[in-house]
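Containing mmCIF, C-alpha atoms: protein07.cif.
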data_input
loop_
_atom_site.label_atom_id
_atom_site.label_comp_id
_atom_site.auth_asym_id
_atom_site.auth_seq_id
_atom_site.Cartn_x
_atom_site.Cartn_y
_atom_site.Cartn_z
CA MET A 1 -2.44 25.09 -31.26
CA ASP A 2 -1.32 24.00 -27.80
CA LYS A 3 -3.44 25.36 -24.97
CA THR A 4 -1.90 27.28 -22.11
CA ALA A 5 -2.88 28.63 -18.71
CA LYS A 6 -1.97 32.17 -17.73
CA ILE A 7 -0.71 32.96 -14.24
CA SER A 8 -0.68 36.64 -13.30
CA TYR A 9 1.30 38.11 -10.40
CA ASP A 10 2.23 41.68 -9.56
CA ASP A 11 2.21 43.36 -12.96
CA LYS A 12 3.53 40.33 -14.82
CA SER A 13 2.11 37.11 -16.24
CA ILE A 14 3.36 33.82 -17.62
CA ASP A 15 1.80 31.26 -19.96
CA LEU A 16 2.22 27.64 -18.87
CA PRO A 17 1.38 24.55 -20.93
CA LEU A 18 -1.87 22.66 -20.29
CA ILE A 19 -1.45 18.88 -20.41
CA THR A 20 -4.28 16.40 -21.00
CA GLY A 21 -4.02 12.73 -20.09
CA THR A 22 -5.58 9.82 -21.96
CA GLU A 23 -8.62 9.89 -19.64
CA ASN A 24 -8.95 13.68 -20.11
CA GLU A 25 -7.36 14.59 -16.80
CA ARG A 26 -5.93 18.10 -17.14
CA ALA A 27 -2.86 19.62 -15.54
CA ILE A 28 -0.83 22.79 -15.69
CA ASP A 29 2.84 22.08 -16.35
CA ILE A 30 4.65 24.37 -13.89
CA ALA A 31 8.15 23.03 -14.58
CA ALA A 32 9.25 26.45 -15.89
CA LEU A 33 7.48 28.48 -13.21
CA ARG A 34 10.33 29.09 -10.76
CA GLY A 35 12.93 29.59 -13.47
CA SER A 36 10.82 32.28 -15.10
CA THR A 37 9.29 33.98 -12.09
CA LYS A 38 11.24 32.94 -8.94
CA ILE A 39 7.85 31.83 -7.60
CA VAL A 40 7.07 28.30 -6.37
CA THR A 41 3.73 26.65 -5.62
CA LEU A 42 2.72 25.61 -2.11
CA ASP A 43 0.60 22.45 -1.81
CA PRO A 44 0.74 20.72 1.61
CA GLY A 45 0.20 16.99 1.16
CA TYR A 46 0.56 17.36 -2.64
CA GLY A 47 -3.20 16.93 -3.07
CA ASN A 48 -3.20 19.16 -6.16
CA THR A 49 0.27 18.40 -7.49
CA GLY A 50 1.14 15.80 -10.10
CA SER A 51 4.68 14.54 -9.54
CA CYS A 52 4.94 12.52 -12.75
CA LYS A 53 3.24 11.14 -15.82
CA SER A 54 2.36 7.46 -15.46
CA GLU A 55 0.83 4.73 -17.62
CA ILE A 56 0.20 2.31 -14.75
CA THR A 57 -3.00 3.04 -12.82
CA TYR A 58 -6.05 5.21 -13.42
CA ILE A 59 -8.42 6.32 -10.65
CA ASP A 60 -11.62 8.33 -10.91
CA GLY A 61 -12.62 9.02 -7.32
CA GLU A 62 -15.94 10.61 -8.20
CA LYS A 63 -17.11 7.66 -10.29
CA GLY A 64 -15.45 4.94 -8.20
CA ILE A 65 -13.20 3.67 -11.01
CA LEU A 66 -9.90 1.81 -10.58
CA ARG A 67 -8.02 0.39 -13.55
CA TYR A 68 -4.60 -1.26 -13.86
CA ARG A 69 -3.05 -0.57 -17.28
CA GLY A 70 -6.57 0.08 -18.61
CA TYR A 71 -8.16 -3.08 -17.20
CA SER A 72 -10.87 -2.60 -14.57
CA VAL A 73 -10.06 -4.07 -11.19
CA GLU A 74 -13.44 -5.84 -11.27
CA ASP A 75 -12.52 -7.61 -14.52
CA LEU A 76 -9.10 -8.61 -13.19
CA CYS A 77 -10.50 -9.96 -9.91
CA GLU A 78 -13.02 -12.07 -11.79
CA ASN A 79 -10.70 -13.48 -14.43
CA SER A 80 -7.07 -13.09 -13.37
CA ASN A 81 -4.77 -13.98 -10.47
CA PHE A 82 -2.18 -12.05 -8.51
CA ILE A 83 0.89 -13.24 -10.42
CA GLU A 84 -0.68 -12.30 -13.75
CA VAL A 85 -1.55 -8.87 -12.31
CA CYS A 86 2.09 -8.54 -11.19
CA TYR A 87 3.19 -9.12 -14.78
CA LEU A 88 0.58 -6.70 -16.12
CA LEU A 89 1.58 -3.87 -13.80
CA ILE A 90 5.31 -4.31 -14.30
CA HIS A 91 5.33 -4.97 -18.06
CA GLY A 92 2.22 -3.13 -19.23
CA GLU A 93 0.41 -5.95 -21.05
CA LEU A 94 -1.32 -9.20 -20.18
CA PRO A 95 1.05 -12.13 -20.76
CA THR A 96 0.53 -15.10 -23.03
CA ALA A 97 0.12 -18.49 -21.33
CA GLU A 98 3.75 -19.37 -22.05
CA THR A 99 5.06 -16.00 -20.83
CA LEU A 100 3.01 -16.21 -17.64
CA GLU A 101 4.29 -19.73 -16.95
CA GLN A 102 7.90 -18.53 -17.35
CA PHE A 103 7.26 -15.48 -15.18
CA SER A 104 5.63 -17.57 -12.45
CA HIS A 105 8.41 -20.16 -12.60
CA LYS A 106 11.11 -17.49 -12.17
CA ILE A 107 9.32 -16.13 -9.11
CA SER A 108 9.07 -19.63 -7.62
CA ASN A 109 12.80 -20.10 -8.14
CA HIS A 110 13.51 -17.19 -5.78
CA THR A 111 11.20 -17.91 -2.83
CA MET A 112 13.98 -19.06 -0.51
CA VAL A 113 16.15 -16.52 1.29
CA HIS A 114 19.82 -16.80 2.18
CA GLU A 115 20.22 -19.00 5.28
CA ASP A 116 22.09 -16.26 7.13
CA ILE A 117 18.97 -14.09 6.93
CA ARG A 118 17.24 -16.56 9.25
CA LYS A 119 19.69 -15.51 11.95
CA PHE A 120 18.34 -11.96 11.86
CA TYR A 121 15.15 -13.10 13.49
CA ASP A 122 17.03 -14.32 16.55
CA ALA A 123 18.46 -10.84 17.07
CA PHE A 124 15.12 -9.02 17.10
CA PRO A 125 12.84 -9.05 20.18
CA SER A 126 10.12 -11.67 19.85
CA HIS A 127 7.48 -8.94 20.23
CA ALA A 128 8.94 -6.77 17.43
CA HIS A 129 6.35 -5.44 15.00
CA PRO A 130 6.52 -7.49 11.77
CA MET A 131 6.64 -4.31 9.66
CA ALA A 132 9.91 -3.37 11.38
CA LEU A 133 11.27 -6.81 10.56
CA LEU A 134 9.96 -6.67 7.00
CA SER A 135 11.52 -3.30 6.19
CA SER A 136 14.83 -4.25 7.84
CA VAL A 137 15.17 -7.61 6.12
CA VAL A 138 14.10 -6.27 2.71
CA CYS A 139 16.75 -3.56 2.96
CA SER A 140 19.32 -6.22 3.92
CA LEU A 141 18.70 -8.02 0.62
CA SER A 142 20.97 -5.42 -0.97
CA VAL A 143 23.80 -6.93 1.09
CA PHE A 144 23.01 -10.57 0.36
CA TYR A 145 22.31 -10.09 -3.35
CA GLN A 146 24.96 -7.61 -4.42
CA ASP A 147 25.02 -9.23 -7.85
CA SER A 148 21.77 -7.45 -8.75
CA ILE A 149 21.71 -4.02 -7.13
CA ASN A 150 22.70 -1.79 -10.07
CA PRO A 151 19.51 0.21 -10.73
CA THR A 152 20.61 1.06 -14.28
CA ASP A 153 21.34 -2.53 -15.39
CA PRO A 154 18.25 -4.18 -16.95
CA ASN A 155 19.41 -7.67 -15.98
CA ASP A 156 19.97 -6.62 -12.37
CA VAL A 157 16.55 -4.97 -12.28
CA GLU A 158 14.81 -8.05 -13.67
CA ILE A 159 16.29 -10.49 -11.17
CA SER A 160 15.71 -8.05 -8.29
CA ILE A 161 12.03 -7.80 -9.25
CA PHE A 162 11.70 -11.60 -9.17
CA ARG A 163 13.50 -11.74 -5.83
CA LEU A 164 11.31 -9.12 -4.19
CA ILE A 165 7.98 -10.59 -5.30
CA ALA A 166 9.12 -14.08 -4.30
CA LYS A 167 10.92 -13.43 -1.04
CA ILE A 168 8.54 -10.98 0.61
CA THR A 169 6.11 -13.78 1.53
CA THR A 170 8.94 -15.87 3.00
CA ILE A 171 10.28 -12.90 4.96
CA ALA A 172 6.77 -12.05 6.20
CA SER A 173 6.01 -15.59 7.33
CA TYR A 174 9.34 -15.78 9.17
CA SER A 175 8.41 -12.60 11.05
CA TYR A 176 5.14 -14.16 12.18
CA LYS A 177 6.60 -17.53 13.14
CA THR A 178 9.34 -15.87 15.17
CA SER A 179 6.79 -13.76 17.06
CA ILE A 180 4.90 -16.85 18.26
CA GLY A 181 7.95 -19.03 18.92
CA GLN A 182 7.32 -21.58 16.17
CA PRO A 183 9.87 -23.04 13.73
CA LEU A 184 10.23 -21.34 10.36
CA ASN A 185 8.75 -23.07 7.33
CA TYR A 186 10.56 -23.25 4.02
CA PRO A 187 8.48 -22.36 0.95
CA ASP A 188 6.81 -25.10 -1.09
CA ASN A 189 7.15 -24.17 -4.75
CA SER A 190 4.59 -26.76 -5.82
CA LEU A 191 1.90 -24.43 -4.45
CA ASP A 192 0.55 -21.26 -6.03
CA TYR A 193 1.66 -17.89 -4.63
CA SER A 194 -1.07 -17.32 -2.04
CA SER A 195 -1.29 -20.98 -1.00
CA ASN A 196 2.47 -21.08 -0.50
CA PHE A 197 2.27 -18.06 1.79
CA LEU A 198 -0.60 -19.53 3.83
CA ASN A 199 1.34 -22.78 4.14
CA MET A 200 4.42 -20.98 5.46
CA MET A 201 2.26 -18.97 7.86
CA PHE A 202 0.10 -21.67 9.42
CA ARG A 203 1.70 -25.09 8.94
CA ILE A 204 3.39 -26.66 11.97
CA PRO A 205 5.70 -29.71 11.78
CA CYS A 206 3.65 -31.94 14.07
CA GLU A 207 0.36 -31.69 12.17
CA ASP A 208 -0.91 -31.98 8.63
CA TYR A 209 -2.00 -28.73 7.05
CA GLU A 210 -3.93 -28.33 3.84
CA VAL A 211 -4.59 -24.91 2.37
CA ASP A 212 -8.28 -24.21 1.82
CA PRO A 213 -8.62 -23.15 -1.85
CA ASP A 214 -11.38 -20.66 -1.03
CA ILE A 215 -9.17 -18.99 1.57
CA ALA A 216 -6.25 -18.90 -0.87
CA LYS A 217 -8.53 -17.38 -3.52
CA ALA A 218 -9.75 -14.71 -1.11
CA LEU A 219 -6.16 -13.82 -0.17
CA ASP A 220 -5.14 -13.72 -3.83
CA LEU A 221 -8.06 -11.37 -4.47
CA LEU A 222 -6.98 -9.08 -1.65
CA PHE A 223 -3.45 -8.99 -3.07
CA ILE A 224 -4.88 -7.95 -6.47
CA LEU A 225 -6.96 -5.19 -4.91
CA HIS A 226 -3.95 -3.83 -3.04
CA ALA A 227 -1.54 -4.18 -5.98
CA ASP A 228 -1.46 -0.49 -6.92
CA HIS A 229 -3.25 2.75 -6.19
CA GLU A 230 -1.49 5.45 -8.16
CA GLN A 231 0.68 8.06 -6.39
CA ASN A 232 -0.08 7.22 -2.77
CA CYS A 233 2.33 7.86 0.12
CA SER A 234 4.34 4.64 -0.16
CA THR A 235 4.46 4.64 -3.97
CA SER A 236 5.62 8.25 -3.96
CA THR A 237 8.27 7.15 -1.44
CA VAL A 238 9.53 4.48 -3.85
CA ARG A 239 9.80 7.08 -6.58
CA LEU A 240 11.46 9.68 -4.34
CA VAL A 241 14.05 7.28 -2.90
CA GLY A 242 14.57 5.64 -6.28
CA SER A 243 15.13 9.02 -7.92
CA SER A 244 18.47 9.20 -6.10
CA GLN A 245 19.35 5.91 -7.86
CA ALA A 246 19.41 4.04 -4.56
CA ASN A 247 19.09 0.31 -5.20
CA ILE A 248 15.62 -1.17 -5.56
CA PHE A 249 15.77 -3.02 -2.22
CA ALA A 250 16.43 0.26 -0.38
CA ALA A 251 13.60 2.01 -2.22
CA VAL A 252 11.11 -0.75 -1.41
CA SER A 253 12.25 -0.87 2.22
CA ALA A 254 11.50 2.84 2.48
CA ALA A 255 8.07 2.26 0.96
CA ILE A 256 7.33 -0.40 3.58
CA CYS A 257 8.13 2.14 6.30
CA ALA A 258 5.79 4.67 4.67
CA LEU A 259 3.02 2.06 4.41
CA TRP A 260 3.34 1.25 8.12
CA GLY A 261 1.64 4.47 9.26
CA PRO A 262 -1.99 4.39 10.48
CA ARG A 263 -2.95 7.00 7.87
CA HIS A 264 -1.85 4.65 5.10
CA GLY A 265 -1.49 0.86 5.21
CA GLY A 266 -1.99 0.70 8.95
CA ALA A 267 -5.61 1.77 8.57
CA ASN A 268 -6.94 -1.81 8.44
CA GLN A 269 -5.19 -2.45 11.74
CA GLU A 270 -6.88 0.63 13.19
CA VAL A 271 -10.27 -0.79 12.15
CA ILE A 272 -9.80 -3.82 14.39
CA LYS A 273 -8.59 -1.62 17.27
CA MET A 274 -11.77 0.45 16.88
CA LEU A 275 -13.96 -2.67 16.93
CA GLU A 276 -12.14 -3.91 20.03
CA TRP A 277 -12.75 -0.57 21.74
CA ILE A 278 -16.47 -0.63 20.94
CA ASN A 279 -16.69 -4.24 22.12
CA LYS A 280 -15.00 -3.42 25.45
CA ASP A 281 -17.54 -0.63 25.95
CA GLY A 282 -20.44 -3.04 25.69
CA GLY A 283 -20.80 -3.26 21.93
CA ASN A 284 -23.18 -0.31 21.68
CA VAL A 285 -22.80 0.45 17.97
CA LYS A 286 -25.52 3.12 17.97
CA LYS A 287 -23.61 5.09 20.62
CA TYR A 288 -20.46 5.24 18.53
CA VAL A 289 -22.34 6.05 15.36
CA GLU A 290 -23.72 9.11 17.15
CA PHE A 291 -20.21 9.95 18.33
CA ALA A 292 -19.02 9.83 14.71
CA LYS A 293 -21.76 12.25 13.66
CA ASP A 294 -20.80 14.77 16.35
CA ARG A 295 -18.13 17.13 15.04
CA GLU A 296 -17.14 18.05 18.59
CA ASN A 297 -16.44 14.42 19.49
CA PRO A 298 -12.86 13.25 18.74
CA PHE A 299 -14.05 9.71 17.93
CA ARG A 300 -13.75 8.71 14.27
CA LEU A 301 -15.04 5.61 12.55
CA MET A 302 -12.03 3.90 10.99
CA GLY A 303 -12.49 2.17 7.64
CA PHE A 304 -15.10 4.59 6.31
CA GLY A 305 -14.62 7.12 3.52
CA HIS A 306 -11.51 7.67 1.42
CA ARG A 307 -9.35 10.63 0.46
CA VAL A 308 -9.59 9.80 -3.25
CA TYR A 309 -12.95 8.05 -3.61
CA LYS A 310 -16.01 10.29 -3.24
CA ASN A 311 -18.14 7.31 -4.16
CA PHE A 312 -18.09 3.67 -3.03
CA ASP A 313 -14.53 2.34 -3.07
CA PRO A 314 -14.61 -0.17 -5.98
CA ARG A 315 -12.23 -2.44 -4.08
CA ALA A 316 -14.63 -2.52 -1.13
CA ARG A 317 -17.51 -3.71 -3.33
CA ILE A 318 -15.46 -6.72 -4.43
CA ILE A 319 -14.11 -7.56 -0.98
CA LYS A 320 -17.58 -7.30 0.59
CA SER A 321 -18.89 -10.20 -1.49
CA TYR A 322 -15.90 -12.35 -0.54
CA CYS A 323 -16.11 -11.22 3.07
CA ASP A 324 -19.61 -12.65 3.39
CA LYS A 325 -18.54 -15.86 1.65
CA ILE A 326 -15.47 -16.41 3.85
CA LEU A 327 -17.29 -15.64 7.09
CA ASN A 328 -20.08 -18.07 6.17
CA LYS A 329 -17.62 -20.76 5.16
CA LEU A 330 -15.51 -20.48 8.31
CA GLY A 331 -18.50 -20.10 10.60
CA VAL A 332 -16.49 -17.66 12.71
CA ASN A 333 -18.14 -16.68 15.97
CA ASP A 334 -16.45 -13.39 16.77
CA PRO A 335 -18.09 -10.44 18.55
CA LEU A 336 -15.88 -8.00 16.64
CA LEU A 337 -17.22 -9.30 13.34
CA ASP A 338 -20.78 -8.87 14.61
CA ILE A 339 -20.01 -5.25 15.50
CA ALA A 340 -18.43 -4.73 12.08
CA LYS A 341 -21.57 -5.99 10.34
CA GLN A 342 -23.73 -3.64 12.41
CA LEU A 343 -21.49 -0.70 11.47
CA GLU A 344 -21.61 -1.70 7.83
CA GLU A 345 -25.41 -1.78 7.88
CA VAL A 346 -25.57 1.68 9.43
CA ALA A 347 -23.11 3.16 6.95
CA LEU A 348 -24.98 1.77 3.96
CA ASN A 349 -28.43 2.90 5.13
CA ASP A 350 -28.00 5.98 7.34
CA ASP A 351 -28.69 9.27 5.51
CA TYR A 352 -25.80 11.03 7.29
CA PHE A 353 -23.26 8.52 5.97
CA LYS A 354 -24.78 8.47 2.50
CA GLU A 355 -24.78 12.28 2.25
CA LYS A 356 -21.18 12.45 3.44
CA LYS A 357 -20.28 9.50 1.17
CA LEU A 358 -18.77 7.68 4.14
CA TYR A 359 -18.97 4.20 2.68
CA PRO A 360 -16.98 1.26 4.07
CA ASN A 361 -13.63 1.22 2.31
CA VAL A 362 -11.07 -1.45 1.46
CA ASP A 363 -9.46 -1.24 4.90
CA PHE A 364 -12.74 -2.00 6.66
CA TYR A 365 -13.42 -5.25 4.83
CA SER A 366 -9.82 -6.44 4.46
CA GLY A 367 -9.26 -6.28 8.22
CA ILE A 368 -12.38 -8.37 8.82
CA ILE A 369 -11.30 -11.06 6.34
CA TYR A 370 -7.73 -11.18 7.64
CA ARG A 371 -9.00 -11.64 11.19
CA ALA A 372 -11.41 -14.39 10.11
CA ILE A 373 -8.63 -16.27 8.30
CA GLY A 374 -6.48 -16.16 11.44
CA PHE A 375 -3.92 -13.44 10.74
CA PRO A 376 -2.93 -11.46 13.86
CA VAL A 377 -3.61 -7.73 13.71
CA ASP A 378 0.10 -6.85 13.51
CA MET A 379 0.33 -8.77 10.23
CA PHE A 380 -2.41 -6.79 8.45
CA THR A 381 -0.09 -4.09 7.13
CA VAL A 382 2.44 -6.75 6.12
CA LEU A 383 -0.26 -8.35 3.96
CA PHE A 384 -0.89 -4.94 2.39
CA ALA A 385 2.84 -4.67 1.62
CA ILE A 386 2.86 -8.08 -0.09
CA GLY A 387 -0.02 -7.02 -2.32
CA ARG A 388 1.44 -3.58 -3.07
CA MET A 389 4.85 -4.96 -4.09
CA PRO A 390 4.14 -5.16 -7.87
CA GLY A 391 2.81 -1.59 -7.87
CA TRP A 392 5.94 -0.30 -6.16
CA LEU A 393 8.12 -2.20 -8.62
CA ALA A 394 6.14 -0.98 -11.62
CA HIS A 395 6.44 2.66 -10.56
CA TRP A 396 10.13 2.31 -9.71
CA LYS A 397 10.79 0.75 -13.11
CA GLU A 398 8.71 3.37 -14.94
CA MET A 399 10.54 6.20 -13.19
CA MET A 400 13.98 4.71 -13.88
CA SER A 401 13.19 4.28 -17.59
CA ASP A 402 11.92 7.85 -17.98
CA PRO A 403 14.68 9.97 -19.60
CA LYS A 404 13.11 13.11 -18.07
CA SER A 405 13.20 11.73 -14.54
CA LYS A 406 15.06 13.88 -12.03
CA ILE A 407 16.04 13.44 -8.41
CA GLY A 408 13.11 14.43 -6.21
CA ARG A 409 13.76 17.74 -4.51
CA PRO A 410 10.62 19.61 -3.34
CA ARG A 411 10.80 23.32 -2.59
CA GLN A 412 9.55 25.05 0.54
CA ILE A 413 8.35 28.41 1.79
CA TYR A 414 10.68 29.42 4.62
CA THR A 415 8.83 30.89 7.63
CA GLY A 416 11.64 30.97 10.21
CA SER A 417 13.68 33.83 11.61
CA THR A 418 15.47 36.27 9.35
CA GLU A 419 19.24 36.65 9.70
CA ARG A 420 20.42 36.84 13.31
CA LYS A 421 23.77 37.49 14.95
CA TYR A 422 25.33 34.85 17.15
CA ILE A 423 24.96 35.65 20.88
CA PRO A 424 27.83 34.56 23.16
CA MET A 425 26.85 32.22 25.98
CA HIS A 426 27.50 34.75 28.78
CA LYS A 427 25.11 37.26 27.20
CA ARG A 428 22.14 34.88 26.80
CA THR A 429 19.15 35.11 29.12
CA GLU A 430 16.19 32.83 29.65
CA SER A 431 13.21 33.96 27.61
#
What is this file in structure tokens?
Amino acid sequence: MDKTAKISYDDKSIDLPLITGTENERAIDIAALRGSTKIVTLDPGYGNTGSCKSEITYIDGEKGILRYRGYSVEDLCENSNFIEVCYLLIHGELPTAETLEQFSHKISNHTMVHEDIRKFYDAFPSHAHPMALLSSVVCSLSVFYQDSINPTDPNDVEISIFRLIAKITTIASYSYKTSIGQPLNYPDNSLDYSSNFLNMMFRIPCEDYEVDPDIAKALDLLFILHADHEQNCSTSTVRLVGSSQANIFAAVSAAICALWGPRHGGANQEVIKMLEWINKDGGNVKKYVEFAKDRENPFRLMGFGHRVYKNFDPRARIIKSYCDKILNKLGVNDPLLDIAKQLEEVALNDDYFKEKKLYPNVDFYSGIIYRAIGFPVDMFTVLFAIGRMPGWLAHWKEMMSDPKSKIGRPRQIYTGSTERKYIPMHKRTES
């Protein structure tokens, strides 16, 4: 017998179905609530509301678990690479060697962008934020590639997926090169995904440049760790925009805009700003740790704690080991990195942080690695977007293939004025 939950109101009640996921997550299906009762639920921020069923990513915030399609992120980081994870997220299974080679080859075939797109960069101010450029140019792909924008055509969807994974690194590198006044580099399809991106970012025509394999591996790892994170703000944006059957380029462009915010993908950028602030004030880490403990003080330590994880962020554990390796390899002498290490030590050993479960999160460590590699702070969120691309595409595809999918249309509780009569201009007075 199916289990139900009873909701009572006034002198009435209604039974609603209880749903259990494969990891024993439980939910009350309220789809029939308004139709039966004229009542809606109110949940600011949707922290208690499931917007969909999904087979893509599982998170247990209390236990610090993150799995893509059932595979632990730790296992994938140790044994896989970003392109294979892209395939896994989008198609649901690990590919065979032959399938992965074909998938990778099709991505490589789409790394170049239309030559007219290069002209866009001349029209933007040189100091434009690269996320503004990224979202604008990604949206413009729907103009340049009109042969593949039908969201209901499987062939169009497939080629658009290849184009987005391939071209986002080219578009991102063009944004960076434009901002520093250097010539744009074409992609080199003989290189792997992360090495190709590093080559486009840092090679200059007058000097030889060889990608360090350890740096490329670290970047590939960061892309894997950012690849998906369930129904976060930007992923929910992809689903909401996509639910109107807008083309996939428009939906992803909207997701990039959502990711830009400091409460979401921009958090790793805020970490560096915080470190710069502490450094300018003399580098007194203890002082700012005490500020963070004081509820009356507006200062907040960025890069610590997480809305979902009430344990150590599993992504942070993995990045921490690579962070130490990369910093040692590069021998970077940076006062901000010294401050970051002091903050990390405090957070891992101070009883206040341990009791509050304010562990360093993925944003804390990723910002440190990006800075050490040489990425400017404005590019941090762009790197997040590159990594999150397969997750966005997987969720968009899952939503579009769901026969029960509907256009997103949240309800509200109106709290404004009741009906009022129009007042002619000559009878109005200043309040």
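The nearest approach to A:Pro151 among the residues A:Leu133, A:Leu33, A:Ile386, A:Met399, with only C-alpha atoms taken into account, belongs to A:Met399.
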### Task
Tell me, as a VMD selection string, which residues lie within 12 Å of A:Ile39, counting all atoms listed in the file; anything in the same chain fewer than 4 positions away does not count.
chain A and resid 7 to 10 12 to 14 30 to 35 411 to 413
Please tabulate, as a Markdown table, the residues of stretch 233-347 of chain A that come within 8 Å of stretch 43-64 of chain A, each with its closest pair of atoms and the distance in Å to one decimal, counting all atoms listed in the file and ordering rows by chain, then residue number upward.
| residue | atom | partner | partner_atom | distance |
| --- | --- | --- | --- | --- |
| A:Val308 | CA | A:Gly61 | CA | 5.1 |
| A:Tyr309 | CA | A:Gly61 | CA | 3.8 |
| A:Lys310 | CA | A:Glu62 | CA | 5.0 |
| A:Asn311 | CA | A:Gly64 | CA | 5.4 |
| A:Phe312 | CA | A:Gly64 | CA | 5.9 |
| A:Asp313 | CA | A:Gly64 | CA | 5.8 |
| A:Pro314 | CA | A:Gly64 | CA | 5.6 |
What do you get, as a PDB file with C-alpha atoms, in the coordinates of the input, if you spell out every residue that the PyMOL selection byres ((chain A and resi 253) around 9) selects here?
ATOM      1  CA  LEU A 134       9.960  -6.670   7.000  1.00  0.00           C
ATOM      2  CA  SER A 135      11.520  -3.300   6.190  1.00  0.00           C
ATOM      3  CA  SER A 136      14.830  -4.250   7.840  1.00  0.00           C
ATOM      4  CA  VAL A 137      15.170  -7.610   6.120  1.00  0.00           C
ATOM      5  CA  VAL A 138      14.100  -6.270   2.710  1.00  0.00           C
ATOM      6  CA  CYS A 139      16.750  -3.560   2.960  1.00  0.00           C
ATOM      7  CA  VAL A 238       9.530   4.480  -3.850  1.00  0.00           C
ATOM      8  CA  ILE A 248      15.620  -1.170  -5.560  1.00  0.00           C
ATOM      9  CA  PHE A 249      15.770  -3.020  -2.220  1.00  0.00           C
ATOM     10  CA  ALA A 250      16.430   0.260  -0.380  1.00  0.00           C
ATOM     11  CA  ALA A 251      13.600   2.010  -2.220  1.00  0.00           C
ATOM     12  CA  VAL A 252      11.110  -0.750  -1.410  1.00  0.00           C
ATOM     13  CA  ALA A 254      11.500   2.840   2.480  1.00  0.00           C
ATOM     14  CA  ALA A 255       8.070   2.260   0.960  1.00  0.00           C
ATOM     15  CA  ILE A 256       7.330  -0.400   3.580  1.00  0.00           C
ATOM     16  CA  CYS A 257       8.130   2.140   6.300  1.00  0.00           C
ATOM     17  CA  ALA A 258       5.790   4.670   4.670  1.00  0.00           C
TER      18      ALA A 258
END
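Each of A:Tyr174, A:Trp260, A:Tyr288, A:Phe197 was compared to A:Asp122 using all atoms listed in the file, and A:Tyr174 turns out to be the nearest.
Among the candidates A:Val271, A:Met379, A:Ala216, A:Cys77, the residue lying nearest to A:Ser321 is A:Cys77 (atoms considered: only C-alpha atoms).
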### Query
Contacts of A:Val289 at 12 Å or less, counting all atoms listed in the file, minus same-chain residues fewer than 3 places along, as a PyMOL selection string?
chain A and resi 278+283-286+292-295+297+299-302+304+339-340+342-347+350+352-353+358
#### Entry: Selected residue of minimal separation from A:Cys86 among A:Arg388, A:Arg263, A:Lys356, A:His229, counting only C-alpha atoms
A:Arg388
### Task
Could you pull out every residue with an atom within 12 Å of (-11.3, -6.3, 7.2), file coordinates, counting all atoms listed in the file, and send them as a VMD selection string?
chain A and resid 218 to 219 222 266 to 275 302 to 304 315 to 316 319 to 320 322 to 324 326 to 327 336 to 337 340 to 341 344 360 to 377 380 to 381 383 to 384
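The space separating atom CA of A:Thr41 from atom CA of A:Gly416 comes to 18.2 Å.
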Just so I have it separately, write stretch 421-431 of chain A from the block I sent, keeping N, CA and C atoms, as a PDB file, in the first residue's frame.
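Just written: decode.pdb:
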ATOM      1  N   LYS A 421      -8.968  52.475  -5.913  1.00  0.00           N
ATOM      2  CA  LYS A 421      -9.507  53.269  -7.001  1.00  0.00           C
ATOM      3  C   LYS A 421      -8.450  54.247  -7.502  1.00  0.00           C
ATOM      4  N   TYR A 422      -8.430  54.439  -8.786  1.00  0.00           N
ATOM      5  CA  TYR A 422      -7.474  55.379  -9.385  1.00  0.00           C
ATOM      6  C   TYR A 422      -7.754  56.797  -8.892  1.00  0.00           C
ATOM      7  N   ILE A 423      -6.707  57.533  -8.520  1.00  0.00           N
ATOM      8  CA  ILE A 423      -6.846  58.905  -8.036  1.00  0.00           C
ATOM      9  C   ILE A 423      -6.338  59.872  -9.125  1.00  0.00           C
ATOM     10  N   PRO A 424      -7.170  60.768  -9.603  1.00  0.00           N
ATOM     11  CA  PRO A 424      -6.717  61.726 -10.616  1.00  0.00           C
ATOM     12  C   PRO A 424      -5.537  62.557 -10.100  1.00  0.00           C
ATOM     13  N   MET A 425      -4.699  62.992 -11.009  1.00  0.00           N
ATOM     14  CA  MET A 425      -3.484  63.716 -10.655  1.00  0.00           C
ATOM     15  C   MET A 425      -3.758  64.914  -9.762  1.00  0.00           C
ATOM     16  N   HIS A 426      -4.808  65.716 -10.070  1.00  0.00           N
ATOM     17  CA  HIS A 426      -5.039  66.952  -9.330  1.00  0.00           C
ATOM     18  C   HIS A 426      -5.538  66.720  -7.895  1.00  0.00           C
ATOM     19  N   LYS A 427      -5.902  65.461  -7.588  1.00  0.00           N
ATOM     20  CA  LYS A 427      -6.363  65.162  -6.236  1.00  0.00           C
ATOM     21  C   LYS A 427      -5.297  64.473  -5.381  1.00  0.00           C
ATOM     22  N   ARG A 428      -4.113  64.232  -5.959  1.00  0.00           N
ATOM     23  CA  ARG A 428      -3.061  63.526  -5.209  1.00  0.00           C
ATOM     24  C   ARG A 428      -2.282  64.503  -4.346  1.00  0.00           C
ATOM     25  N   THR A 429      -1.906  64.035  -3.178  1.00  0.00           N
ATOM     26  CA  THR A 429      -1.073  64.853  -2.274  1.00  0.00           C
ATOM     27  C   THR A 429       0.165  64.050  -1.876  1.00  0.00           C
ATOM     28  N   GLU A 430       1.202  64.772  -1.494  1.00  0.00           N
ATOM     29  CA  GLU A 430       2.420  64.117  -1.040  1.00  0.00           C
ATOM     30  C   GLU A 430       2.147  63.440   0.290  1.00  0.00           C
ATOM     31  N   SER A 431       2.600  62.225   0.428  1.00  0.00           N
ATOM     32  CA  SER A 431       2.374  61.489   1.690  1.00  0.00           C
ATOM     33  C   SER A 431       3.439  61.859   2.715  1.00  0.00           C
TER      34      SER A 431
END
